[in-house]
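File shown here: upload-v3.txt, holding compact mmCIF, C-alpha atoms.
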```txt
# COMPACT_ATOMS: atom_id res chain seq x y z
CA MET A 1 0.00 0.00 0.00
CA ASN A 2 2.73 2.41 1.06
CA ALA A 3 4.72 1.56 -2.04
CA THR A 4 1.69 2.45 -4.19
CA VAL A 5 1.24 5.80 -2.44
CA GLU A 6 4.93 6.57 -2.84
CA GLY A 7 4.76 5.62 -6.50
CA VAL A 8 1.81 7.94 -7.11
CA LEU A 9 3.50 10.76 -5.22
CA SER A 10 6.73 10.44 -7.15
CA ALA A 11 4.83 10.26 -10.48
CA ASN A 12 2.93 13.34 -9.39
CA ALA A 13 6.14 15.21 -8.53
CA ARG A 14 7.66 14.23 -11.86
CA LEU A 15 4.59 15.44 -13.77
CA THR A 16 4.58 18.74 -11.86
CA GLY A 17 8.25 19.18 -12.73
CA GLU A 18 7.53 18.45 -16.39
CA ILE A 19 4.65 20.93 -16.42
CA ASP A 20 6.93 23.61 -14.93
CA VAL A 21 9.54 22.97 -17.63
CA LEU A 22 6.90 23.15 -20.37
CA LYS A 23 5.45 26.35 -18.91
CA ALA A 24 8.91 27.93 -18.83
CA GLU A 25 9.50 26.83 -22.45
CA LEU A 26 6.17 28.29 -23.53
CA ASP A 27 6.95 31.58 -21.81
CA GLY A 28 10.36 31.65 -23.45
CA PHE A 29 8.78 30.95 -26.83
CA THR A 30 6.15 33.67 -26.34
CA TYR A 31 8.88 36.09 -25.35
CA SER A 32 11.12 35.45 -28.34
CA VAL A 33 8.28 35.42 -30.88
CA SER A 34 6.76 38.63 -29.60
CA HIS A 35 10.18 40.22 -29.25
CA ASP A 36 11.10 39.41 -32.86
CA LEU A 37 7.70 40.59 -34.12
CA ARG A 38 8.24 43.99 -32.55
CA ALA A 39 10.92 45.07 -35.07
CA PRO A 40 8.81 44.68 -38.24
CA VAL A 41 5.76 46.26 -36.58
CA ARG A 42 7.93 49.16 -35.47
CA ALA A 43 9.10 49.57 -39.09
CA VAL A 44 5.53 49.44 -40.47
CA LEU A 45 4.35 52.04 -37.96
CA GLY A 46 7.40 54.25 -38.46
CA PHE A 47 7.36 54.24 -42.26
CA ALA A 48 3.57 54.62 -42.41
CA ARG A 49 4.01 57.68 -40.23
CA VAL A 50 6.66 59.05 -42.58
CA VAL A 51 4.32 58.50 -45.55
CA ALA A 52 1.52 60.30 -43.71
CA ASP A 53 3.72 63.22 -42.60
CA ASP A 54 5.92 63.71 -45.65
CA HIS A 55 3.85 62.36 -48.54
CA GLY A 56 0.31 62.70 -47.23
CA SER A 57 -0.42 65.61 -49.56
CA ALA A 58 0.33 63.39 -52.60
CA LEU A 59 -2.50 61.03 -51.59
CA ASP A 60 -6.18 61.68 -52.18
CA GLU A 61 -8.70 61.46 -49.35
CA GLU A 62 -9.32 57.73 -49.87
CA GLY A 63 -5.56 57.06 -49.90
CA ARG A 64 -5.15 58.90 -46.60
CA ARG A 65 -8.09 57.01 -45.08
CA LEU A 66 -6.58 53.67 -46.09
CA LEU A 67 -3.20 54.69 -44.70
CA ALA A 68 -4.88 55.61 -41.42
CA VAL A 69 -6.40 52.09 -41.29
CA VAL A 70 -2.92 50.58 -41.80
CA GLN A 71 -1.56 52.75 -39.00
CA SER A 72 -4.34 51.97 -36.56
CA GLU A 73 -4.25 48.21 -37.17
CA ALA A 74 -0.43 48.07 -36.97
CA SER A 75 -0.68 50.07 -33.78
CA ARG A 76 -3.14 47.55 -32.35
CA MET A 77 -0.79 44.73 -33.33
CA GLY A 78 2.03 46.56 -31.54
CA ASP A 79 -0.08 46.87 -28.40
CA MET A 80 -0.93 43.17 -28.55
CA ILE A 81 2.73 42.21 -28.94
CA ASP A 82 3.67 44.40 -25.99
CA ALA A 83 0.89 42.78 -23.95
CA LEU A 84 2.19 39.30 -24.83
CA LEU A 85 5.68 40.36 -23.81
CA ALA A 86 4.39 41.65 -20.49
CA LEU A 87 2.47 38.40 -19.96
CA SER A 88 5.47 36.19 -20.72
CA ARG A 89 7.59 38.30 -18.39
CA ILE A 90 5.19 37.60 -15.50
CA GLY A 91 5.68 33.89 -16.02
CA ARG A 92 9.45 34.01 -16.36
CA GLU A 93 10.71 36.42 -13.77
CA ALA A 94 11.84 35.26 -10.36
CA MET A 95 9.36 36.15 -7.64
CA ALA A 96 10.15 37.83 -4.36
CA TYR A 97 8.13 36.50 -1.45
CA LEU A 98 7.95 39.18 1.22
CA PRO A 99 5.28 40.86 3.36
CA VAL A 100 3.37 43.38 1.24
CA ASP A 101 1.33 46.31 2.51
CA MET A 102 -1.70 45.96 0.22
CA ALA A 103 -3.37 49.19 1.42
CA GLY A 104 -0.16 51.10 0.67
CA LEU A 105 -0.07 49.59 -2.83
CA VAL A 106 -3.67 50.60 -3.54
CA TYR A 107 -3.06 54.19 -2.39
CA GLU A 108 0.08 54.32 -4.50
CA VAL A 109 -1.80 53.18 -7.61
CA VAL A 110 -4.74 55.52 -6.91
CA ALA A 111 -2.38 58.47 -6.36
CA GLU A 112 -0.84 57.89 -9.78
CA ARG A 113 -4.15 58.48 -11.49
CA ALA A 114 -5.65 61.93 -12.02
CA VAL A 115 -6.71 63.73 -8.84
CA GLN A 116 -10.35 63.86 -9.86
CA GLU A 117 -10.40 60.09 -10.11
CA GLN A 118 -9.06 59.69 -6.60
CA SER A 119 -12.30 60.87 -5.04
CA LEU A 120 -14.16 58.07 -6.79
CA PHE A 121 -12.42 55.41 -4.75
CA ASP A 122 -13.68 54.18 -1.43
CA VAL A 123 -10.88 52.09 0.05
CA GLY A 124 -11.67 49.91 3.07
CA ASP A 125 -9.26 48.09 5.40
CA LEU A 126 -6.90 45.87 3.44
CA PRO A 127 -4.82 43.28 5.30
CA GLY A 128 -1.29 42.61 4.07
CA VAL A 129 -0.11 39.38 2.45
CA CYS A 130 3.14 37.71 1.50
CA GLY A 131 4.05 38.03 -2.15
CA ASP A 132 5.90 39.89 -4.85
CA ARG A 133 5.32 43.61 -4.37
CA VAL A 134 5.93 44.56 -8.00
CA LEU A 135 3.59 41.89 -9.35
CA LEU A 136 0.87 42.59 -6.78
CA ARG A 137 1.09 46.28 -7.61
CA GLN A 138 0.41 45.29 -11.22
CA VAL A 139 -2.71 43.40 -10.09
CA TRP A 140 -4.06 46.50 -8.34
CA ALA A 141 -3.09 48.78 -11.22
CA ASN A 142 -4.86 46.52 -13.71
CA LEU A 143 -8.00 45.97 -11.63
CA LEU A 144 -8.34 49.64 -10.71
CA SER A 145 -7.75 50.91 -14.24
CA ASN A 146 -10.22 48.29 -15.46
CA ALA A 147 -12.83 49.55 -12.97
CA VAL A 148 -12.18 53.19 -13.95
CA LYS A 149 -12.44 52.34 -17.64
CA PHE A 150 -15.66 50.37 -17.49
CA SER A 151 -17.41 52.91 -15.27
CA SER A 152 -16.20 55.90 -17.31
CA ARG A 153 -19.51 56.13 -19.18
CA THR A 154 -21.54 56.05 -15.96
CA PRO A 155 -22.74 59.53 -14.82
CA THR A 156 -21.53 59.06 -11.22
CA PRO A 157 -18.89 56.32 -11.13
CA GLN A 158 -18.40 54.67 -7.76
CA LEU A 159 -15.47 52.40 -7.10
CA ARG A 160 -14.93 50.44 -3.95
CA VAL A 161 -11.99 48.40 -2.72
CA TRP A 162 -12.36 46.12 0.29
CA ALA A 163 -11.22 42.82 1.73
CA THR A 164 -12.79 39.82 3.43
CA ARG A 165 -11.32 36.66 4.92
CA ASP A 166 -12.19 33.04 5.00
CA ALA A 167 -10.46 30.17 6.82
CA ALA A 168 -7.13 30.32 5.01
CA ARG A 169 -7.36 33.20 2.58
CA VAL A 170 -7.56 36.97 2.33
CA ILE A 171 -9.97 37.97 -0.42
CA TYR A 172 -9.66 41.38 -2.05
CA HIS A 173 -12.47 42.95 -4.03
CA VAL A 174 -12.69 45.81 -6.51
CA GLY A 175 -16.27 46.85 -7.25
CA ASP A 176 -17.64 49.38 -9.72
CA ASN A 177 -21.03 50.55 -10.94
CA GLY A 178 -19.98 50.55 -14.60
CA VAL A 179 -21.27 48.65 -17.62
CA GLY A 180 -20.62 45.22 -16.09
CA PHE A 181 -20.93 42.21 -18.37
CA ASP A 182 -23.13 39.22 -19.03
CA MET A 183 -22.15 36.40 -16.63
CA LYS A 184 -22.65 33.94 -19.53
CA CYS A 185 -19.34 35.31 -20.90
CA ALA A 186 -17.53 35.15 -17.55
CA ASP A 187 -15.35 32.21 -18.60
CA LYS A 188 -13.81 34.32 -21.38
CA LEU A 189 -13.00 37.23 -19.12
CA PHE A 190 -9.49 36.24 -18.06
CA GLY A 191 -8.34 34.90 -21.45
CA VAL A 192 -5.68 36.70 -23.49
CA PHE A 193 -7.06 39.22 -26.01
CA GLN A 194 -10.62 38.66 -24.88
CA THR A 195 -12.83 41.73 -24.84
CA LEU A 196 -16.47 41.53 -23.88
CA HIS A 197 -17.34 45.02 -25.09
CA ARG A 198 -16.90 46.61 -28.50
CA ARG A 199 -13.38 48.01 -28.91
CA ALA A 200 -14.75 51.30 -30.22
CA ARG A 201 -16.58 51.86 -26.90
CA PHE A 202 -13.82 50.65 -24.58
CA PRO A 203 -10.47 50.45 -26.37
CA GLY A 204 -7.88 47.95 -25.15
CA THR A 205 -6.04 44.78 -26.09
CA GLY A 206 -7.85 42.49 -23.67
CA ALA A 207 -4.74 41.42 -21.76
CA VAL A 208 -5.26 43.33 -18.51
CA LEU A 209 -7.25 40.61 -16.75
CA ALA A 210 -5.14 37.79 -18.24
CA MET A 211 -2.20 39.44 -16.54
CA VAL A 212 -4.10 39.61 -13.23
CA LYS A 213 -4.96 35.92 -13.46
CA ARG A 214 -1.34 34.93 -14.12
CA ILE A 215 0.01 36.94 -11.21
CA VAL A 216 -2.64 35.69 -8.78
CA HIS A 217 -2.03 32.09 -9.87
CA ARG A 218 1.71 32.49 -9.37
CA HIS A 219 0.90 33.48 -5.81
CA GLY A 220 -1.15 30.32 -5.33
CA GLY A 221 -4.40 32.28 -5.41
CA THR A 222 -7.60 32.42 -7.44
CA VAL A 223 -9.44 35.21 -9.22
CA TRP A 224 -13.05 35.58 -10.32
CA ALA A 225 -15.67 38.16 -11.15
CA ASP A 226 -19.35 38.81 -10.51
CA ALA A 227 -21.30 41.20 -12.65
CA GLN A 228 -24.59 42.31 -14.02
CA LEU A 229 -24.85 44.01 -17.38
CA ASP A 230 -25.28 47.79 -17.02
CA VAL A 231 -25.21 47.57 -13.21
CA GLY A 232 -21.56 46.94 -12.39
CA ALA A 233 -18.88 44.38 -11.74
CA THR A 234 -16.85 43.11 -8.81
CA PHE A 235 -13.49 41.48 -9.36
CA SER A 236 -12.15 39.41 -6.47
CA PHE A 237 -8.87 37.66 -5.86
CA ALA A 238 -8.00 35.40 -2.97
CA LEU A 239 -4.45 34.89 -1.72
CA PRO A 240 -3.21 32.47 0.94
CA ASP A 241 -3.38 34.16 4.33
CA GLU A 242 -0.05 33.68 6.00
CA GLY A 243 -0.73 36.00 8.89
CA THR A 244 1.10 39.09 7.63
CA GLN A 245 -0.53 42.22 8.97
CA MET B 246 40.61 67.20 -40.57
CA THR B 247 38.11 64.87 -42.22
CA GLU B 248 34.36 64.93 -42.66
CA PHE B 249 34.14 62.63 -39.61
CA ASP B 250 35.79 64.99 -37.12
CA ALA B 251 32.71 66.96 -36.28
CA ILE B 252 30.55 63.92 -35.51
CA GLU B 253 28.60 64.42 -32.28
CA ILE B 254 26.30 61.42 -32.30
CA LEU B 255 27.43 57.96 -33.33
CA LEU B 256 24.51 55.64 -34.05
CA VAL B 257 25.50 51.97 -33.97
CA GLU B 258 22.65 49.95 -35.49
CA ASP B 259 22.65 47.00 -37.90
CA ASN B 260 18.96 47.14 -38.78
CA HIS B 261 18.67 49.69 -41.61
CA ASN B 262 15.01 50.37 -40.97
CA ASP B 263 15.60 51.01 -37.27
CA ALA B 264 18.60 53.21 -38.13
CA GLU B 265 16.51 55.25 -40.55
CA MET B 266 13.72 55.61 -37.99
CA THR B 267 16.13 56.78 -35.30
CA MET B 268 17.73 59.23 -37.72
CA ARG B 269 14.34 60.59 -38.72
CA ALA B 270 13.41 60.88 -35.04
CA LEU B 271 16.65 62.80 -34.38
CA GLN B 272 15.95 64.96 -37.41
CA LYS B 273 12.53 65.86 -36.05
CA SER B 274 14.28 67.11 -32.89
CA ASN B 275 16.95 68.94 -34.96
CA PHE B 276 19.80 66.70 -33.84
CA LEU B 277 20.68 65.32 -37.27
CA ASN B 278 23.44 67.70 -38.37
CA LYS B 279 26.42 65.89 -36.84
CA LEU B 280 25.31 62.29 -36.84
CA LEU B 281 27.02 59.21 -38.26
CA GLY B 282 25.38 55.82 -38.55
CA VAL B 283 27.57 52.69 -38.49
CA GLU B 284 26.42 49.13 -39.04
CA ASP B 285 27.99 47.14 -36.24
CA GLY B 286 30.40 47.09 -33.33
CA VAL B 287 33.50 46.60 -35.50
CA GLU B 288 32.74 49.73 -37.49
CA ALA B 289 31.93 51.65 -34.30
CA LEU B 290 35.33 50.80 -32.79
CA ASP B 291 37.02 51.58 -36.12
CA PHE B 292 35.47 55.01 -35.97
CA ILE B 293 36.45 55.69 -32.34
CA ASN B 294 39.97 54.30 -32.81
CA CYS B 295 40.47 55.97 -36.23
CA ARG B 296 41.02 52.75 -38.15
CA GLY B 297 39.99 51.52 -41.61
CA VAL B 298 37.93 54.09 -43.51
CA TYR B 299 38.25 56.40 -40.50
CA ALA B 300 42.07 56.27 -40.47
CA GLY B 301 42.58 59.96 -41.15
CA ARG B 302 40.22 61.09 -38.40
CA ASP B 303 41.47 63.21 -35.48
CA PRO B 304 41.54 60.78 -32.49
CA ARG B 305 40.96 63.62 -30.02
CA GLN B 306 37.53 64.26 -31.50
CA LEU B 307 35.30 61.83 -29.67
CA PRO B 308 31.54 61.73 -30.22
CA LYS B 309 29.47 63.42 -27.53
CA LEU B 310 27.00 60.55 -27.50
CA VAL B 311 26.89 56.96 -28.70
CA LEU B 312 23.49 55.36 -29.35
CA LEU B 313 24.14 51.65 -29.29
CA ASP B 314 22.09 48.65 -30.37
CA LEU B 315 22.81 45.39 -28.52
CA LYS B 316 22.15 42.56 -30.98
CA MET B 317 24.56 43.00 -33.90
CA PRO B 318 26.70 40.72 -36.06
CA ARG B 319 30.51 40.58 -35.76
CA LEU B 320 30.76 42.58 -32.52
CA ASP B 321 27.67 43.16 -30.41
CA GLY B 322 26.68 46.07 -28.20
CA HIS B 323 28.05 44.60 -24.98
CA ASP B 324 31.47 44.09 -26.63
CA VAL B 325 31.48 47.71 -27.77
CA LEU B 326 30.50 48.87 -24.29
CA ARG B 327 33.24 46.76 -22.71
CA ALA B 328 35.85 48.15 -25.12
CA LEU B 329 34.84 51.79 -24.75
CA LYS B 330 34.34 51.76 -20.98
CA SER B 331 37.76 50.19 -20.42
CA GLY B 332 39.67 52.82 -22.41
CA ASP B 333 41.10 55.80 -20.49
CA GLU B 334 39.81 58.35 -22.98
CA THR B 335 36.79 56.58 -24.35
CA ARG B 336 35.25 55.71 -20.97
CA ARG B 337 33.89 59.26 -20.66
CA ILE B 338 31.82 59.06 -23.86
CA PRO B 339 28.17 58.81 -22.80
CA ILE B 340 26.64 55.63 -24.19
CA VAL B 341 22.93 55.02 -24.33
CA VAL B 342 21.80 51.54 -25.31
CA MET B 343 18.77 51.57 -27.61
CA THR B 344 17.52 48.06 -28.00
CA SER B 345 14.46 45.94 -28.68
CA SER B 346 15.41 43.82 -25.71
CA SER B 347 13.75 44.38 -22.39
CA GLN B 348 15.39 41.27 -20.92
CA GLU B 349 16.54 41.79 -17.38
CA ARG B 350 19.91 40.16 -18.08
CA ASP B 351 20.68 42.54 -21.00
CA LEU B 352 19.82 45.51 -18.83
CA ALA B 353 21.88 44.24 -15.89
CA GLU B 354 24.86 43.41 -18.10
CA SER B 355 24.76 46.83 -19.77
CA TYR B 356 24.85 48.61 -16.42
CA ARG B 357 27.55 46.28 -15.15
CA LEU B 358 29.64 47.33 -18.13
CA GLY B 359 29.08 51.01 -17.34
CA VAL B 360 26.35 52.12 -19.73
CA ASN B 361 25.01 55.64 -19.12
CA GLY B 362 21.43 54.91 -20.15
CA TYR B 363 19.21 52.09 -21.41
CA VAL B 364 16.15 52.60 -23.57
CA SER B 365 13.81 49.96 -25.02
CA LYS B 366 12.96 51.07 -28.54
CA PRO B 367 9.33 52.16 -28.47
CA ILE B 368 7.03 50.55 -31.00
CA GLN B 369 5.26 53.82 -31.86
CA PHE B 370 7.18 56.34 -33.95
CA THR B 371 5.89 59.30 -31.90
CA ASP B 372 7.21 57.62 -28.73
CA LEU B 373 10.56 57.06 -30.45
CA VAL B 374 10.73 60.74 -31.43
CA ASP B 375 9.94 61.67 -27.86
CA ALA B 376 12.55 59.30 -26.39
CA VAL B 377 15.27 60.35 -28.83
CA ALA B 378 14.53 64.04 -28.24
CA LYS B 379 14.91 63.56 -24.48
CA ILE B 380 18.14 61.58 -24.85
CA GLY B 381 19.64 64.17 -27.22
CA MET B 382 18.45 67.07 -25.11
CA TYR B 383 19.96 65.66 -21.94
CA TRP B 384 23.32 64.38 -23.20
CA LEU B 385 24.02 67.10 -25.76
CA LEU B 386 22.45 70.16 -24.16
CA VAL B 387 21.74 69.77 -20.44
CA ASN B 388 24.53 67.54 -19.21
CA GLU B 389 27.97 69.06 -18.66
CA ALA B 390 30.49 66.65 -20.12
CA GLN B 391 34.05 66.27 -18.92
CA VAL B 392 36.36 67.98 -21.44
```

Just give me the structure as structure tokens.
Amino acid sequence: MNATVEGVLSANARLTGEIDVLKAELDGFTYSVSHDLRAPVRAVLGFARVVADDHGSALDEEGRRLLAVVQSEASRMGDMIDALLALSRIGREAMAYLPVDMAGLVYEVVAERAVQEQSLFDVGDLPGVCGDRVLLRQVWANLLSNAVKFSSRTPTPQLRVWATRDAARVIYHVGDNGVGFDMKCADKLFGVFQTLHRRARFPGTGAVLAMVKRIVHRHGGTVWADAQLDVGATFSFALPDEGTQ
Amino acid sequence: MTEFDAIEILLVEDNHNDAEMTMRALQKSNFLNKLLGVEDGVEALDFINCRGVYAGRDPRQLPKLVLLDLKMPRLDGHDVLRALKSGDETRRIPIVVMTSSSQERDLAESYRLGVNGYVSKPIQFTDLVDAVAKIGMYWLLVNEAQV
């Protein structure tokens, strides 16, 4: 019996090791592909800009419109490549594991935004956790900018940040009264390049929440969202509570 | 006295498109007049050390700024950095790495070798113009160089 348990455990450890190697390889692949794609996109954007600036007058109105389409699509591709690079970096970089003052991080991120946006935030008590400060700051930056963005078309945007606890976890929440989303699409929310709203209304590459998910997972946590269309959304992430106050 | 003696900015870049973009960005900020573009590290060191096609150049005339790519054939950016920062005269030339790489190890190695600045090439041309203008403004106009 014991031999069987040991066998399963060692097979399990081997598989986990293999998965880690594959994940690292995938991140390395994503990094090099997106890195190499950056140069040609930079050239397309740069030369298209030169055509627009220096030869724009030689084009007719339709020619200039088409050139603008090239520029805007190449620009979107550039943003997507940069998002992929940022995502692969999250997976590859070594993580610090130290006590982090989560309230301090939130105030830091809020203070970086325009002053008028600061008053929108209602920040409750936020217990600290153990983790990588830089990565956790990215989580807050992404969730808060997401909340600001999707409540920007609401007449009186209200954003709230608070925390709860359960047996072994601290759970952080970011709520807004913005456009929300249909919960039927919730499974797509944290995928790369997934956008649930039309890009023209809310521009973006759709990598902000994918980044949040990756960082939270690297910390051994989970992330989810609750929402109602046109009422608002709450994004929550739970991290292991290791008693850091 | 040769045409190369008045060079203020040495751009070391093997990708012709990137070199043209950087030159256009410098031009937009009016920094183009005394710029020379070279294709790799070997040519950069030839220029600094007055060898090859630069043999007749006055060795006392060092560029005021080197913009250096990292990934290049023959001799890469780190080799150029190592060579320039270990020379008594050449170590005072400000060198700013302009690269596509945002890898931590490239950044760390560049600073270990004594680079003066490190810039990831922006993907948008307007951001490149902005970055290049700031670099030129600081190293050529604001900063007081050792003479």

Work out how far apart atom CA of Ala168 of chain A and atom CA of Asp241 of chain A are and give it in Å to one decimal.
5.4 Å

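Using all atoms listed in the file, every residue with an atom at most 10 Å from the point (-2.7, 36.3, -12.5) is listed here: Leu87, Ile90, Gly91, Leu135, Leu136, Gln138, Val139, Phe190, Val208, Leu209, Ala210, Met211, Val212, Lys213, Arg214, Ile215, Val216, His217, Arg218, His219, Gly220, Gly221, Thr222, Val223 and Phe237 of chain A.
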
Taking only C-alpha atoms into account, find every residue of chain B that has an atom no more than 10 Å from chain A, and write it out as a PyMOL selection string.
chain B and resi 260-263+265-267+269-270+345-349+366-371+373

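In this structure, atom CA of Arg337 of chain B sits 9.7 Å away from atom CA of Asn361 of chain B.
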
Surrounding residues of Val283 of chain B excluding itself and chain neighbours under 5 positions, 8 Å, only C-alpha atoms, as a PyMOL selection string
chain B and resi 255-259+288-289
